[in-house]
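Here is structure-v2.txt, consisting of compact mmCIF, C-alpha atoms:
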# COMPACT_ATOMS: atom_id res chain seq x y z
CA MET A 396 -11.94 9.12 17.57
CA SER A 397 -13.29 7.14 14.62
CA VAL A 398 -13.30 8.52 11.08
CA PRO A 399 -16.75 9.91 10.12
CA THR A 400 -18.85 7.62 7.94
CA LYS A 401 -19.63 10.54 5.60
CA PHE A 402 -16.39 9.95 3.71
CA VAL A 403 -17.74 6.63 2.39
CA LEU A 404 -19.94 8.69 0.04
CA GLN A 405 -16.76 9.83 -1.75
CA GLN A 406 -15.50 6.30 -2.44
CA GLY A 407 -17.77 5.44 -5.37
CA PRO A 408 -15.03 4.99 -8.02
CA ALA A 409 -12.84 2.90 -5.70
CA LEU A 410 -15.75 0.74 -4.58
CA ARG A 411 -16.84 0.12 -8.18
CA GLY A 412 -13.30 -0.71 -9.24
CA MET A 413 -12.68 -3.12 -6.39
CA GLY A 414 -16.12 -4.66 -6.86
CA GLU A 415 -15.37 -5.35 -10.52
CA THR A 416 -12.02 -6.88 -9.57
CA ALA A 417 -13.63 -9.16 -6.97
CA ALA A 418 -16.38 -10.20 -9.40
CA ASN A 419 -13.86 -11.06 -12.12
CA ALA A 420 -11.79 -13.10 -9.65
CA LEU A 421 -14.90 -15.00 -8.53
CA LYS A 422 -15.90 -15.73 -12.14
CA GLN A 423 -12.41 -17.03 -12.72
CA ARG A 424 -12.64 -19.32 -9.69
CA LEU A 425 -16.01 -20.63 -10.89
CA GLY A 426 -14.64 -21.26 -14.36
CA ILE A 427 -16.99 -18.89 -16.16
CA ALA A 428 -14.48 -16.16 -17.01
CA LYS A 429 -12.99 -15.96 -20.47
CA LYS A 430 -9.35 -17.05 -20.72
CA ASN A 431 -6.90 -15.46 -23.08
CA GLY A 432 -4.66 -18.49 -23.31
CA ALA A 433 -1.70 -16.62 -24.77
CA PRO A 434 0.73 -14.80 -22.44
CA PRO A 435 -0.11 -11.09 -22.13
CA GLU A 436 1.89 -8.52 -24.02
CA LEU A 437 4.02 -6.48 -21.63
CA PRO A 438 3.87 -3.69 -20.76
CA GLY A 439 0.11 -3.90 -21.08
CA PRO A 440 -2.24 -1.25 -22.44
CA GLU A 441 -2.81 1.86 -20.36
CA VAL A 442 -6.12 2.47 -18.65
CA THR A 443 -6.75 6.17 -17.98
CA GLN A 444 -9.27 8.23 -16.06
CA THR A 445 -9.60 11.81 -14.81
CA PHE A 446 -10.88 12.50 -11.30
CA ALA A 447 -12.18 15.68 -9.73
CA PRO A 448 -10.02 17.43 -7.11
CA ARG A 449 -10.03 15.66 -3.75
CA ASP A 450 -12.21 16.89 -0.91
CA ARG A 451 -10.18 18.97 1.55
CA ASP A 452 -11.96 17.54 4.59
CA LEU A 453 -11.14 14.01 3.47
CA VAL A 454 -7.48 14.91 2.92
CA ARG A 455 -7.30 16.51 6.37
CA ALA A 456 -8.91 13.50 8.05
CA TYR A 457 -6.67 11.08 6.15
CA ALA A 458 -3.48 12.93 7.08
CA LYS A 459 -4.49 12.95 10.74
CA HIS A 460 -5.47 9.27 10.65
CA VAL A 461 -2.06 8.11 9.37
CA GLY A 462 -0.09 10.30 11.78
CA GLY A 463 0.69 13.18 9.46
CA ASP A 464 0.41 16.91 10.02
CA PRO A 465 -2.80 18.11 8.32
CA SER A 466 -1.36 21.63 7.98
CA ALA A 467 1.32 20.24 5.65
CA TYR A 468 -1.41 19.23 3.19
CA LYS A 469 -3.44 22.41 2.88
CA ARG A 470 -2.35 22.94 -0.74
CA ARG A 471 -1.16 19.47 -1.75
CA LEU A 472 -2.18 15.83 -1.54
CA PRO A 473 -0.21 13.20 0.36
CA ALA A 474 1.47 11.04 -2.28
CA HIS A 475 0.59 7.93 -0.27
CA LEU A 476 -3.12 8.72 -0.64
CA PHE A 477 -2.88 7.46 -4.25
CA PRO A 478 -4.82 4.20 -3.57
CA GLN A 479 -7.95 6.31 -2.98
CA TRP A 480 -8.14 7.07 -6.72
CA ALA A 481 -5.95 4.28 -8.14
CA PHE A 482 -8.28 1.49 -6.97
CA ALA A 483 -10.75 2.60 -9.63
CA LEU A 484 -8.26 1.59 -12.35
CA THR A 485 -5.93 -1.13 -11.11
CA GLY A 486 -8.42 -3.97 -11.57
CA LYS A 487 -9.00 -3.04 -15.22
CA SER A 488 -5.33 -3.43 -16.08
CA LEU A 489 -5.38 -7.00 -14.72
CA GLU A 490 -8.47 -8.22 -16.59
CA GLY A 491 -8.08 -11.41 -18.57
CA LEU A 492 -4.98 -12.72 -16.80
CA ASP A 493 -4.85 -16.48 -16.36
CA TYR A 494 -3.85 -16.33 -12.71
CA PRO A 495 -5.91 -17.27 -9.61
CA MET A 496 -6.61 -13.69 -8.62
CA LEU A 497 -8.96 -14.62 -5.78
CA GLY A 498 -5.85 -15.56 -3.77
CA ALA A 499 -3.85 -12.46 -4.73
CA MET A 500 -2.22 -10.41 -1.97
CA ASN A 501 -0.64 -6.99 -1.77
CA GLY A 502 3.08 -7.71 -1.68
CA GLY A 503 4.55 -4.23 -1.63
CA CYS A 504 4.90 -0.85 -3.28
CA ARG A 505 7.51 1.49 -4.72
CA LEU A 506 6.32 5.09 -4.44
CA ILE A 507 8.12 7.92 -6.23
CA GLN A 508 7.31 11.56 -5.50
CA ASN A 509 8.52 13.69 -8.42
CA ALA A 510 6.52 16.82 -7.54
CA PRO A 511 3.74 17.91 -5.16
CA LEU A 512 0.19 17.04 -6.21
CA PRO A 513 -1.88 20.26 -6.07
CA ILE A 514 -4.99 19.74 -3.97
CA ASP A 515 -7.22 21.93 -6.17
CA GLU A 516 -6.50 20.37 -9.59
CA PRO A 517 -8.12 17.37 -11.32
CA LEU A 518 -6.14 14.13 -11.19
CA GLU A 519 -5.12 12.50 -14.48
CA VAL A 520 -4.40 8.86 -13.67
CA SER A 521 -3.11 5.98 -15.78
CA SER A 522 -2.54 2.33 -14.87
CA ARG A 523 -0.92 -0.54 -16.73
CA LEU A 524 0.48 -4.00 -16.10
CA GLU A 525 4.24 -3.51 -16.26
CA SER A 526 5.74 -6.98 -15.76
CA ILE A 527 5.12 -10.53 -14.52
CA ASP A 528 7.63 -12.60 -12.54
CA ASP A 529 6.39 -16.22 -12.57
CA ASP A 530 8.62 -18.98 -11.15
CA GLY A 531 5.91 -21.66 -11.07
CA ARG A 532 5.35 -21.37 -7.32
CA ARG A 533 4.15 -17.79 -7.28
CA ALA A 534 3.64 -14.91 -9.66
CA ILE A 535 4.42 -11.29 -8.87
CA LEU A 536 2.43 -8.86 -10.99
CA GLU A 537 3.86 -5.36 -11.21
CA GLN A 538 1.46 -2.52 -11.95
CA ARG A 539 2.52 1.05 -12.69
CA VAL A 540 0.13 3.83 -11.67
CA VAL A 541 0.94 7.41 -12.66
CA THR A 542 -0.85 10.41 -11.16
CA SER A 543 -0.56 13.79 -12.87
CA THR A 544 -2.32 17.14 -12.79
CA PRO A 545 -2.39 19.85 -15.47
CA SER A 546 0.48 21.68 -13.76
CA ALA A 547 2.36 18.62 -12.42
CA PRO A 548 2.80 15.83 -15.02
CA GLU A 549 3.82 12.47 -13.54
CA ALA A 550 3.94 13.99 -10.09
CA VAL A 551 3.51 10.64 -8.32
CA VAL A 552 4.46 7.24 -9.76
CA ALA A 553 3.54 4.07 -7.88
CA HIS A 554 4.62 0.51 -8.66
CA LEU A 555 2.33 -2.04 -7.03
CA TYR A 556 3.52 -5.62 -6.53
CA ILE A 557 0.74 -8.20 -6.34
CA PHE A 558 1.69 -11.62 -5.00
CA VAL A 559 -0.28 -14.55 -6.44
CA PRO A 560 0.45 -18.03 -4.94
CA LEU A 561 0.46 -20.77 -7.57
CA ALA A 562 1.48 -23.90 -5.63
CA LYS A 563 0.30 -25.11 -2.23
CA LYS A 564 2.83 -25.31 0.58
CA LYS A 565 3.82 -28.68 1.95
CA ALA A 566 2.41 -29.65 5.32
CA ASN A 567 5.74 -29.04 7.09
CA GLY A 568 6.38 -25.71 5.39
CA ALA A 569 7.69 -24.72 2.00
CA PRO A 570 11.45 -25.19 1.74
CA SER A 571 13.54 -23.04 -0.55
CA LYS A 572 15.44 -24.56 -3.47
CA ASP A 573 18.44 -25.29 -1.29
CA GLY A 574 16.27 -27.21 1.18
CA ALA A 575 16.22 -24.57 3.92
CA LYS A 576 13.20 -22.68 5.11
CA LYS A 577 13.30 -18.94 4.54
CA ASP A 578 13.40 -16.87 7.70
CA LYS A 579 10.79 -14.14 7.82
CA PRO A 580 12.17 -10.60 8.15
CA ARG A 581 12.79 -9.17 11.60
CA VAL A 582 13.63 -5.74 12.95
CA PRO A 583 17.44 -5.55 13.38
CA ASP A 584 18.68 -5.46 16.96
CA GLN A 585 20.57 -2.24 16.18
CA ALA A 586 17.52 -0.43 14.75
CA ARG A 587 16.39 2.84 16.35
CA GLU A 588 12.72 3.60 17.02
CA ILE A 589 11.55 6.94 15.61
CA ALA A 590 7.77 6.51 15.91
CA PHE A 591 5.30 4.40 17.89
CA TRP A 592 1.61 3.73 17.23
CA ARG A 593 -1.26 2.26 19.19
CA LEU A 594 -3.55 0.92 16.50
CA ARG A 595 -7.15 0.42 17.52
CA GLN A 596 -9.44 -2.42 16.55
CA ASP A 597 -11.23 -0.16 14.07
CA ALA A 598 -8.07 1.15 12.34
CA GLY A 599 -8.83 -1.01 9.29
CA LEU A 600 -12.40 0.26 9.05
CA ASP A 601 -11.25 3.88 9.37
CA PHE A 602 -8.69 3.46 6.58
CA ALA A 603 -11.39 1.87 4.42
CA LYS A 604 -13.70 4.86 4.96
CA LEU A 605 -10.91 7.16 3.75
CA THR A 606 -9.70 5.15 0.74
CA GLY A 607 -12.54 2.89 -0.36
CA ASP A 608 -10.63 -0.37 0.27
CA PHE A 609 -13.43 -2.24 2.00
CA ASN A 610 -11.92 -5.72 1.74
CA PRO A 611 -13.68 -7.35 4.73
CA VAL A 612 -10.44 -8.94 5.96
CA HIS A 613 -9.57 -5.46 7.26
CA TRP A 614 -12.76 -4.72 9.22
CA VAL A 615 -14.97 -7.83 9.65
CA PRO A 616 -13.48 -10.08 12.38
CA ALA A 617 -15.42 -13.21 11.38
CA TYR A 618 -14.24 -12.87 7.77
CA ALA A 619 -10.63 -12.38 8.83
CA LYS A 620 -10.79 -15.42 11.12
CA ALA A 621 -12.21 -17.52 8.28
CA PHE A 622 -8.98 -16.77 6.40
CA GLY A 623 -6.83 -17.91 9.30
CA PHE A 624 -6.10 -14.60 11.06
CA ARG A 625 -6.68 -14.02 14.77
CA ASN A 626 -8.55 -10.84 13.97
CA THR A 627 -8.78 -8.16 11.30
CA ILE A 628 -5.51 -7.00 9.73
CA LEU A 629 -4.39 -3.51 8.80
CA HIS A 630 -4.13 -2.56 5.12
CA GLY A 631 -0.59 -2.73 3.77
CA PHE A 632 -1.03 0.76 2.33
CA GLY A 633 -2.18 1.94 5.76
CA THR A 634 1.06 0.66 7.29
CA MET A 635 3.07 2.26 4.48
CA ALA A 636 1.35 5.64 4.93
CA ARG A 637 2.12 5.62 8.65
CA ALA A 638 5.74 4.69 7.94
CA ILE A 639 6.12 7.59 5.49
CA GLU A 640 4.63 10.08 7.93
CA GLY A 641 6.84 8.63 10.66
CA LEU A 642 9.87 9.38 8.49
CA ASN A 643 8.57 12.88 7.78
CA ARG A 644 8.25 13.65 11.47
CA GLY A 645 11.08 11.56 12.92
CA LEU A 646 13.86 12.24 10.40
CA PHE A 647 12.85 15.18 8.23
CA ALA A 648 11.51 17.63 10.83
CA GLY A 649 8.08 17.63 9.17
CA ASP A 650 9.38 18.37 5.66
CA VAL A 651 7.02 16.42 3.37
CA ASP A 652 9.21 17.27 0.36
CA ALA A 653 12.32 15.54 1.73
CA LEU A 654 11.27 12.01 0.78
CA LYS A 655 11.82 11.24 -2.89
CA GLU A 656 11.17 7.51 -3.00
CA VAL A 657 10.17 4.69 -0.69
CA HIS A 658 10.16 0.99 -1.59
CA VAL A 659 8.42 -1.33 0.86
CA ARG A 660 7.43 -4.98 1.21
CA PHE A 661 4.51 -6.16 3.31
CA THR A 662 6.09 -9.13 5.07
CA ARG A 663 3.55 -10.20 7.72
CA PRO A 664 -0.11 -9.45 8.43
CA LEU A 665 -0.45 -6.76 11.10
CA VAL A 666 -3.28 -8.05 13.29
CA LEU A 667 -5.43 -5.44 15.07
CA PRO A 668 -5.38 -4.05 17.68
CA ALA A 669 -1.63 -3.58 17.87
CA LYS A 670 1.23 -1.57 19.35
CA VAL A 671 4.06 -1.22 16.85
CA GLY A 672 6.99 1.05 16.12
CA LEU A 673 8.82 2.47 13.12
CA TYR A 674 12.53 1.67 13.13
CA VAL A 675 15.44 2.83 10.96
CA HIS A 676 18.87 1.29 10.48
CA ASP A 677 21.49 1.36 7.74
CA HIS A 678 19.31 3.07 5.07
CA GLN A 679 16.35 0.82 5.83
CA LEU A 680 13.00 1.13 7.60
CA PHE A 681 10.96 -1.44 9.49
CA VAL A 682 7.56 -1.59 11.15
CA GLY A 683 7.57 -4.09 13.99
CA ASP A 684 7.02 -4.87 17.64
CA ALA A 685 10.59 -4.24 18.86
CA PRO A 686 14.23 -4.65 17.78
CA GLY A 687 14.80 -8.35 17.20
CA GLY A 688 11.07 -8.96 16.79
CA PRO A 689 9.00 -9.69 13.67
CA ALA A 690 8.74 -7.04 10.95
CA TYR A 691 5.38 -6.37 9.30
CA LEU A 692 6.90 -4.01 6.74
CA THR A 693 10.46 -3.63 5.51
CA GLY A 694 11.80 -1.11 3.05
CA THR A 695 14.28 1.50 1.91
CA TYR A 696 13.93 5.19 1.22
CA THR A 697 15.70 7.93 -0.72
CA THR A 698 15.64 11.63 0.05
CA ASP A 699 15.26 14.46 -2.44
CA THR A 700 19.01 15.07 -2.30
CA GLY A 701 19.75 11.49 -3.31
CA SER A 702 20.76 10.35 0.17
CA THR A 703 19.16 7.19 1.48
CA ASP A 704 19.53 8.13 5.16
CA THR A 705 19.44 11.50 6.88
CA ASP A 706 19.48 9.96 10.38
CA THR A 707 22.72 11.40 11.82
CA THR A 708 21.92 10.63 15.45
CA ARG A 709 22.99 6.97 15.45
Full structure transcribed into structure tokens:
Amino acid sequence: MSVPTKFVLQQGPALRGMGETAANALKQRLGIAKKNGAPPELPGPEVTQTFAPRDRDLVRAYAKHVGGDPSAYKRRLPAHLFPQWAFALTGKSLEGLDYPMLGAMNGGCRLIQNAPLPIDEPLEVSSRLESIDDDGRRAILEQRVVTSTPSAPEAVVAHLYIFVPLAKKKANGAPSKDGAKKDKPRVPDQAREIAFWRLRQDAGLDFAKLTGDFNPVHWVPAYAKAFGFRNTILHGFGTMARAIEGLNRGLFAGDVDALKEVHVRFTRPLVLPAKVGLYVHDHQLFVGDAPGGPAYLTGTYTTDTGSTDTDTTR
């Protein structure tokens, strides 16, 4: 069943924030944006904003959409829902950068859950540009987004990694410095499946309704094909949210407090519709088609006790 369209009415801040980001990137491409010239001072200045408590119906629908147990989020917010309010700020902390932001891609995320986010308290959110890793071929921009409430300071901390290509690949592929092509990540043959999802064609549109990320590459087939994809692709944060809830159910017996930190990379576009699984092996997690097959997401996780793997059934 598709997510109700009514939730789009709650995405005003995210839509404005992403619209401003897209407009600034377009101005930059057209050469009409102001350039700072000098390298930015890092960490950058903090951008802050306070948001009203989240709508309970939206939280329930979101948890169900990403495979979570809605009853686990009656009094708290899923930490991985943070993009729904963070999108309003993240573009502001990147303004003025002399990088081709129109080609920027979501490269990954490190999500730290220090405490539960109360569902009935206002959200105090800050965002800043933390670091830049520029090797001349690509730049990786790290943003730090902190979500607090009056009773839970710094409850959720997210580090976003934005990949910005700087040099075009050669026609026969881009070799690494040692002359060899890099192999794309795959699911290890020894990995064990703990969750499986059948993702519908409209999974990208449904995630957009719940978070405000209406980048058309996720829900308009013609737009996605114009960028070289066979069809629309799932949001990286949508894949991450499903992976986290898969860990909650498959390893932690539904305990949403067990996971302390997850650090993921989005390694391939996940084209919709799709049938994919969540796999674990040797303190790592993967989202892919099957053991030995391509991985769309790779990562590691840490539990609240400090352990990186509570899977004792291998």
- Counting all atoms listed in the file, select every polymer residue within 6 Å of (-3.3, -3.7, 11.0) as defined in the file's coordinates, and provide the selection as a PyMOL selection string. chain A and resi 628-629+665-667
What are the closest atom pairs, with distances in Å to one decimal, for each residue of range 579-621 of chain A lying within 12 Å of range 433-456 of chain A, using only C-alpha atoms, rows by chain and rising residue number, as a tab-separated table?
residue	atom	partner	partner_atom	distance
A:Asp601	CA	A:Ala456	CA	10.0
A:Phe602	CA	A:Ala456	CA	10.1
A:Lys604	CA	A:Leu453	CA	9.6
A:Leu605	CA	A:Leu453	CA	6.9
A:Thr606	CA	A:Leu453	CA	9.4
A:Gly607	CA	A:Leu453	CA	11.8
- Query: Closest to Phe402 in chain A among A:Gly645, A:Ala603, A:Ala685, A:Leu692, using all atoms listed in the file?
  - Reply: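 For Phe402 in chain A, the nearest of the given residues is A:Ala603.
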- Message: Please determine, counting all atoms listed in the file, which residue among A:Gln405, A:Ser546, A:Gln585, A:Asn643 has the shortest atom-to-atom distance to Pro686 in chain A.
- Response: A:Gln585
- Query: Rounded to one decimal in Å, what is the spacing between CA of Ala653 in chain A and CA of Ile639 in chain A?
  - Reply: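 If I compute the distance from CA of Ala653 in chain A to CA of Ile639 in chain A, I get 10.8 Å.
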- For Pro473 in chain A, which of A:Ala510, A:Ala619, A:Ala562, A:Leu492 is the closest residue, counting all atoms listed in the file?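 Closest residue, counting all atoms listed in the file: A:Ala510.
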- Message: Measuring between only C-alpha atoms, which one of A:Ala534, A:Pro545, A:Met396, A:Val651 shows the shortest distance to Asp597 in chain A?
- Response: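 Counting only C-alpha atoms, the residue closest to Asp597 in chain A is A:Met396.
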- Task: Go through A:Ile535, A:Pro560, A:His630, A:Arg595 one by one, measure the shortest atom-to-atom distance of each to Pro611 in chain A using only C-alpha atoms, and give the residue with the smallest value.
- Result: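 Checking each of A:Ile535, A:Pro560, A:His630, A:Arg595 against Pro611 in chain A, counting only C-alpha atoms, the winner is A:His630.
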- Between CA of Phe622 in chain A and CA of Gln479 in chain A, distance in Å (one decimal):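 Answer for the CA of Phe622 in chain A to CA of Gln479 in chain A separation: 24.9 Å.
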- Task: For CA of Phe681 in chain A and CA of Pro664 in chain A, quote the distance in Å rounded to one decimal.
- Result: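 Pair CA of Phe681 in chain A / CA of Pro664 in chain A returns 13.7 Å.
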- Query: Which of these residues is nearest to Leu642 in chain A, using all atoms listed in the file: A:Ala617, A:Val540, A:Val675, A:Ala598?
  - Reply: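 Among A:Ala617, A:Val540, A:Val675, A:Ala598, it is A:Val675 that comes nearest to Leu642 in chain A.
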- Message: Given the point (20.2, 1.6, 10.4) in the file's coordinates, find the residues that have an atom at most 10 Å from it, counting only C-alpha atoms, and give them as a PyMOL selection string.
- Response: chain A and resi 583-587+674-681+704+706+709
- Task: Compile the contact shell of Glu537 in chain A as a PyMOL selection string: residues with an atom at most 7 Å away, counting only C-alpha atoms, same-chain residues fewer than 6 positions apart removed.
- Result: chain A and resi 524-527+554-557
